[in-house]
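**Q** Take a look at the following structure, please.
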Amino acid sequence: MNQSDMKTYLTLAAAAVFSLTATTNLHAHCQVPCGIYSDDTVLIDLQTHQKTIEKAMGQITDSATNANQVSRWVTNKEEHATKIQNTMSEYFLAQRIKMDEADKDAYTKKLTLAHEIIVYAMKCKQTTDVANAQKLKAAIDAFTTAYQKH
């Protein structure tokens, strides 16, 4: 193994170890109808999380990035993907998408897109393939459109 391969291996190993041992603080919405959160703000937050994930993927794959920075970007990517998953589960699925919605096709569309977002967020955790981040963006955009039609 040459020096370049060894450096790459150590960088990836450090990132993997750090991401497995790092703890994250998750602050989910409380599910009390407080009226503090607005749907528009939450939808914008989803887009911000996606942009952060995509940027992190680029930084992770940048060969000039050192091991410390790689581990920080991996952690950042993981945290933002988890925030997306939590928002979709705890805010939209549990509280905002209503089971008794009159338009069952619209209801099904929102559920399908929410699931798609959760799955693409998971795929973003698993890889640095920017295509997954782009699919996540498309799913968030489609969900935003479907959700705002209600």
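Going through the structure tokens in order, the chains are called A, B, and so on, while each chain numbers its residues from 1 and the ligands are numbered from 1 in the order shown.
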So that I can see what lies close to His49 in chain A, please list as a PDB file with N, CA and C atoms, in the first residue's frame the residues with an atom at most 10 Å from it, counting only C-alpha atoms and leaving out residues fewer than 5 positions away in the same chain.

**A**
ATOM      1  N   ILE A  44     -38.909  25.074   4.731  1.00  0.00           N
ATOM      2  CA  ILE A  44     -37.633  25.734   4.408  1.00  0.00           C
ATOM      3  C   ILE A  44     -36.484  25.050   5.137  1.00  0.00           C
ATOM      4  N   GLU A  54     -25.800  17.898   0.884  1.00  0.00           N
ATOM      5  CA  GLU A  54     -25.130  17.899  -0.419  1.00  0.00           C
ATOM      6  C   GLU A  54     -23.742  18.536  -0.323  1.00  0.00           C
ATOM      7  N   LYS A  55     -23.637  19.631   0.416  1.00  0.00           N
ATOM      8  CA  LYS A  55     -22.330  20.276   0.588  1.00  0.00           C
ATOM      9  C   LYS A  55     -21.375  19.349   1.339  1.00  0.00           C
ATOM     10  N   ASN A  76     -21.843  15.907  10.402  1.00  0.00           N
ATOM     11  CA  ASN A  76     -22.774  16.948   9.996  1.00  0.00           C
ATOM     12  C   ASN A  76     -23.816  16.384   9.026  1.00  0.00           C
ATOM     13  N   LYS A  77     -23.359  15.616   8.055  1.00  0.00           N
ATOM     14  CA  LYS A  77     -24.254  15.000   7.070  1.00  0.00           C
ATOM     15  C   LYS A  77     -25.263  14.089   7.766  1.00  0.00           C
ATOM     16  N   GLU A  79     -26.268  14.165  10.931  1.00  0.00           N
ATOM     17  CA  GLU A  79     -27.188  14.935  11.773  1.00  0.00           C
ATOM     18  C   GLU A  79     -28.298  15.583  10.951  1.00  0.00           C
ATOM     19  N   HIS A  80     -27.943  16.144   9.817  1.00  0.00           N
ATOM     20  CA  HIS A  80     -28.956  16.807   9.000  1.00  0.00           C
ATOM     21  C   HIS A  80     -29.909  15.799   8.359  1.00  0.00           C
ATOM     22  N   ALA A  81     -29.410  14.642   7.981  1.00  0.00           N
ATOM     23  CA  ALA A  81     -30.286  13.594   7.441  1.00  0.00           C
ATOM     24  C   ALA A  81     -31.250  13.108   8.528  1.00  0.00           C
ATOM     25  N   THR A  82     -30.749  12.952   9.733  1.00  0.00           N
ATOM     26  CA  THR A  82     -31.597  12.538  10.856  1.00  0.00           C
ATOM     27  C   THR A  82     -32.648  13.600  11.158  1.00  0.00           C
ATOM     28  N   LYS A  83     -32.277  14.864  11.086  1.00  0.00           N
ATOM     29  CA  LYS A  83     -33.248  15.940  11.319  1.00  0.00           C
ATOM     30  C   LYS A  83     -34.368  15.888  10.289  1.00  0.00           C
ATOM     31  N   ILE A  84     -34.024  15.602   9.049  1.00  0.00           N
ATOM     32  CA  ILE A  84     -35.050  15.473   8.005  1.00  0.00           C
ATOM     33  C   ILE A  84     -35.982  14.310   8.349  1.00  0.00           C
ATOM     34  N   ALA A 121     -33.177  10.339   2.710  1.00  0.00           N
ATOM     35  CA  ALA A 121     -32.341  10.825   3.819  1.00  0.00           C
ATOM     36  C   ALA A 121     -31.481   9.676   4.349  1.00  0.00           C
ATOM     37  N   LYS A 137     -33.657  16.251  -2.643  1.00  0.00           N
ATOM     38  CA  LYS A 137     -34.134  17.600  -2.963  1.00  0.00           C
ATOM     39  C   LYS A 137     -35.408  17.533  -3.799  1.00  0.00           C
TER      40      LYS A 137
END

**Q** So how many Å separate CA of Val74 in chain A and CA of Lys125 in chain A, to one decimal?

**A**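 Interatomic distance, CA of Val74 in chain A to CA of Lys125 in chain A: 8.4 Å.
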
**Q** Figure out the distance between CA of Lys51 in chain A and CA of Phe92 in chain A, please, to one decimal in Å.

**A**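 Taking CA of Phe92 in chain A and CA of Lys51 in chain A, their separation equals 20.0 Å.
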
**Q** Mind checking which residues fall within 10 Å of Val130 in chain A, counting only C-alpha atoms, ignoring those fewer than 6 positions away in the same chain, and posting them as a ChimeraX atom specification?

**A** /A:53-58,124,136

**Q** As a ChimeraX atom specification, please: every residue in range 26-150 of chain A that DSSP puts in alpha helix (DSSP H).

**A** /A:39-61,67-86,104-126,130-148

**Q** For the residues in the current selection, export C-alpha atoms as a PDB file, in the first residue's frame.

**A**
ATOM      1  CA  ASP A  39     -45.379  24.824   7.994  1.00  0.00           C
ATOM      2  CA  ASP A  40     -43.494  27.249   5.739  1.00  0.00           C
ATOM      3  CA  THR A  41     -40.597  27.495   8.189  1.00  0.00           C
ATOM      4  CA  VAL A  42     -40.421  23.732   8.608  1.00  0.00           C
ATOM      5  CA  LEU A  43     -40.450  23.192   4.825  1.00  0.00           C
ATOM      6  CA  ILE A  44     -37.633  25.734   4.408  1.00  0.00           C
ATOM      7  CA  ASP A  45     -35.676  23.941   7.150  1.00  0.00           C
ATOM      8  CA  LEU A  46     -35.980  20.687   5.164  1.00  0.00           C
ATOM      9  CA  GLN A  47     -34.434  22.416   2.150  1.00  0.00           C
ATOM     10  CA  THR A  48     -31.620  23.844   4.296  1.00  0.00           C
ATOM     11  CA  HIS A  49     -30.849  20.407   5.726  1.00  0.00           C
ATOM     12  CA  GLN A  50     -30.723  18.954   2.198  1.00  0.00           C
ATOM     13  CA  LYS A  51     -28.330  21.670   1.000  1.00  0.00           C
ATOM     14  CA  THR A  52     -26.085  20.991   3.982  1.00  0.00           C
ATOM     15  CA  ILE A  53     -26.064  17.255   3.207  1.00  0.00           C
ATOM     16  CA  GLU A  54     -25.130  17.899  -0.419  1.00  0.00           C
ATOM     17  CA  LYS A  55     -22.330  20.276   0.588  1.00  0.00           C
ATOM     18  CA  ALA A  56     -21.031  17.780   3.158  1.00  0.00           C
ATOM     19  CA  MET A  57     -20.909  15.054   0.509  1.00  0.00           C
ATOM     20  CA  GLY A  58     -18.747  17.271  -1.674  1.00  0.00           C
ATOM     21  CA  GLN A  59     -16.432  18.103   1.216  1.00  0.00           C
ATOM     22  CA  ILE A  60     -16.091  14.445   2.231  1.00  0.00           C
ATOM     23  CA  THR A  61     -15.078  13.361  -1.269  1.00  0.00           C
ATOM     24  CA  ALA A  67      -9.197  13.385   8.450  1.00  0.00           C
ATOM     25  CA  ASN A  68     -10.502  15.721  11.142  1.00  0.00           C
ATOM     26  CA  GLN A  69     -12.541  17.724   8.653  1.00  0.00           C
ATOM     27  CA  VAL A  70     -13.834  14.554   6.975  1.00  0.00           C
ATOM     28  CA  SER A  71     -15.093  13.204  10.287  1.00  0.00           C
ATOM     29  CA  ARG A  72     -16.783  16.528  11.058  1.00  0.00           C
ATOM     30  CA  TRP A  73     -18.490  16.597   7.644  1.00  0.00           C
ATOM     31  CA  VAL A  74     -19.636  12.979   8.041  1.00  0.00           C
ATOM     32  CA  THR A  75     -21.160  13.821  11.417  1.00  0.00           C
ATOM     33  CA  ASN A  76     -22.774  16.948   9.996  1.00  0.00           C
ATOM     34  CA  LYS A  77     -24.254  15.000   7.070  1.00  0.00           C
ATOM     35  CA  GLU A  78     -25.636  12.357   9.440  1.00  0.00           C
ATOM     36  CA  GLU A  79     -27.188  14.935  11.773  1.00  0.00           C
ATOM     37  CA  HIS A  80     -28.956  16.807   9.000  1.00  0.00           C
ATOM     38  CA  ALA A  81     -30.286  13.594   7.441  1.00  0.00           C
ATOM     39  CA  THR A  82     -31.597  12.538  10.856  1.00  0.00           C
ATOM     40  CA  LYS A  83     -33.248  15.940  11.319  1.00  0.00           C
ATOM     41  CA  ILE A  84     -35.050  15.473   8.005  1.00  0.00           C
ATOM     42  CA  GLN A  85     -36.231  12.008   9.037  1.00  0.00           C
ATOM     43  CA  ASN A  86     -37.409  13.267  12.420  1.00  0.00           C
ATOM     44  CA  LYS A 104     -57.635  10.420  -0.515  1.00  0.00           C
ATOM     45  CA  ASP A 105     -55.422  10.805  -3.614  1.00  0.00           C
ATOM     46  CA  ALA A 106     -53.781  13.901  -2.098  1.00  0.00           C
ATOM     47  CA  TYR A 107     -53.396  12.040   1.208  1.00  0.00           C
ATOM     48  CA  THR A 108     -51.741   9.078  -0.524  1.00  0.00           C
ATOM     49  CA  LYS A 109     -49.449  11.404  -2.501  1.00  0.00           C
ATOM     50  CA  LYS A 110     -48.275  13.152   0.683  1.00  0.00           C
ATOM     51  CA  LEU A 111     -47.670   9.832   2.455  1.00  0.00           C
ATOM     52  CA  THR A 112     -45.753   8.455  -0.519  1.00  0.00           C
ATOM     53  CA  LEU A 113     -43.566  11.550  -0.774  1.00  0.00           C
ATOM     54  CA  ALA A 114     -42.961  11.646   2.991  1.00  0.00           C
ATOM     55  CA  HIS A 115     -41.765   8.046   2.818  1.00  0.00           C
ATOM     56  CA  GLU A 116     -39.576   8.868  -0.175  1.00  0.00           C
ATOM     57  CA  ILE A 117     -37.949  11.729   1.745  1.00  0.00           C
ATOM     58  CA  ILE A 118     -37.243   9.482   4.728  1.00  0.00           C
ATOM     59  CA  VAL A 119     -35.693   6.808   2.477  1.00  0.00           C
ATOM     60  CA  TYR A 120     -33.511   9.285   0.546  1.00  0.00           C
ATOM     61  CA  ALA A 121     -32.341  10.825   3.819  1.00  0.00           C
ATOM     62  CA  MET A 122     -31.304   7.310   4.871  1.00  0.00           C
ATOM     63  CA  LYS A 123     -29.470   6.801   1.579  1.00  0.00           C
ATOM     64  CA  CYS A 124     -27.663  10.098   2.156  1.00  0.00           C
ATOM     65  CA  LYS A 125     -26.446   8.709   5.482  1.00  0.00           C
ATOM     66  CA  GLN A 126     -25.187   5.552   3.788  1.00  0.00           C
ATOM     67  CA  VAL A 130     -24.634  13.286  -4.614  1.00  0.00           C
ATOM     68  CA  ALA A 131     -27.370  11.684  -6.725  1.00  0.00           C
ATOM     69  CA  ASN A 132     -29.066  10.672  -3.465  1.00  0.00           C
ATOM     70  CA  ALA A 133     -28.936  14.267  -2.210  1.00  0.00           C
ATOM     71  CA  GLN A 134     -30.421  15.439  -5.496  1.00  0.00           C
ATOM     72  CA  LYS A 135     -33.213  12.840  -5.271  1.00  0.00           C
ATOM     73  CA  LEU A 136     -33.818  14.016  -1.713  1.00  0.00           C
ATOM     74  CA  LYS A 137     -34.134  17.600  -2.963  1.00  0.00           C
ATOM     75  CA  ALA A 138     -36.592  16.543  -5.682  1.00  0.00           C
ATOM     76  CA  ALA A 139     -38.677  14.624  -3.140  1.00  0.00           C
ATOM     77  CA  ILE A 140     -38.712  17.604  -0.736  1.00  0.00           C
ATOM     78  CA  ASP A 141     -39.740  19.912  -3.575  1.00  0.00           C
ATOM     79  CA  ALA A 142     -42.517  17.542  -4.680  1.00  0.00           C
ATOM     80  CA  PHE A 143     -43.721  17.120  -1.095  1.00  0.00           C
ATOM     81  CA  THR A 144     -43.737  20.892  -0.573  1.00  0.00           C
ATOM     82  CA  THR A 145     -45.902  21.355  -3.669  1.00  0.00           C
ATOM     83  CA  ALA A 146     -48.298  18.536  -2.707  1.00  0.00           C
ATOM     84  CA  TYR A 147     -48.502  19.657   0.908  1.00  0.00           C
ATOM     85  CA  GLN A 148     -49.149  23.307   0.146  1.00  0.00           C
TER      86      GLN A 148
END

**Q** Mind giving me the straight-line distance from CA of Ala102 in chain A to CA of Met88 in chain A in Å, one decimal?

**A**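 Distance reported for this atom pair: 21.1 Å.
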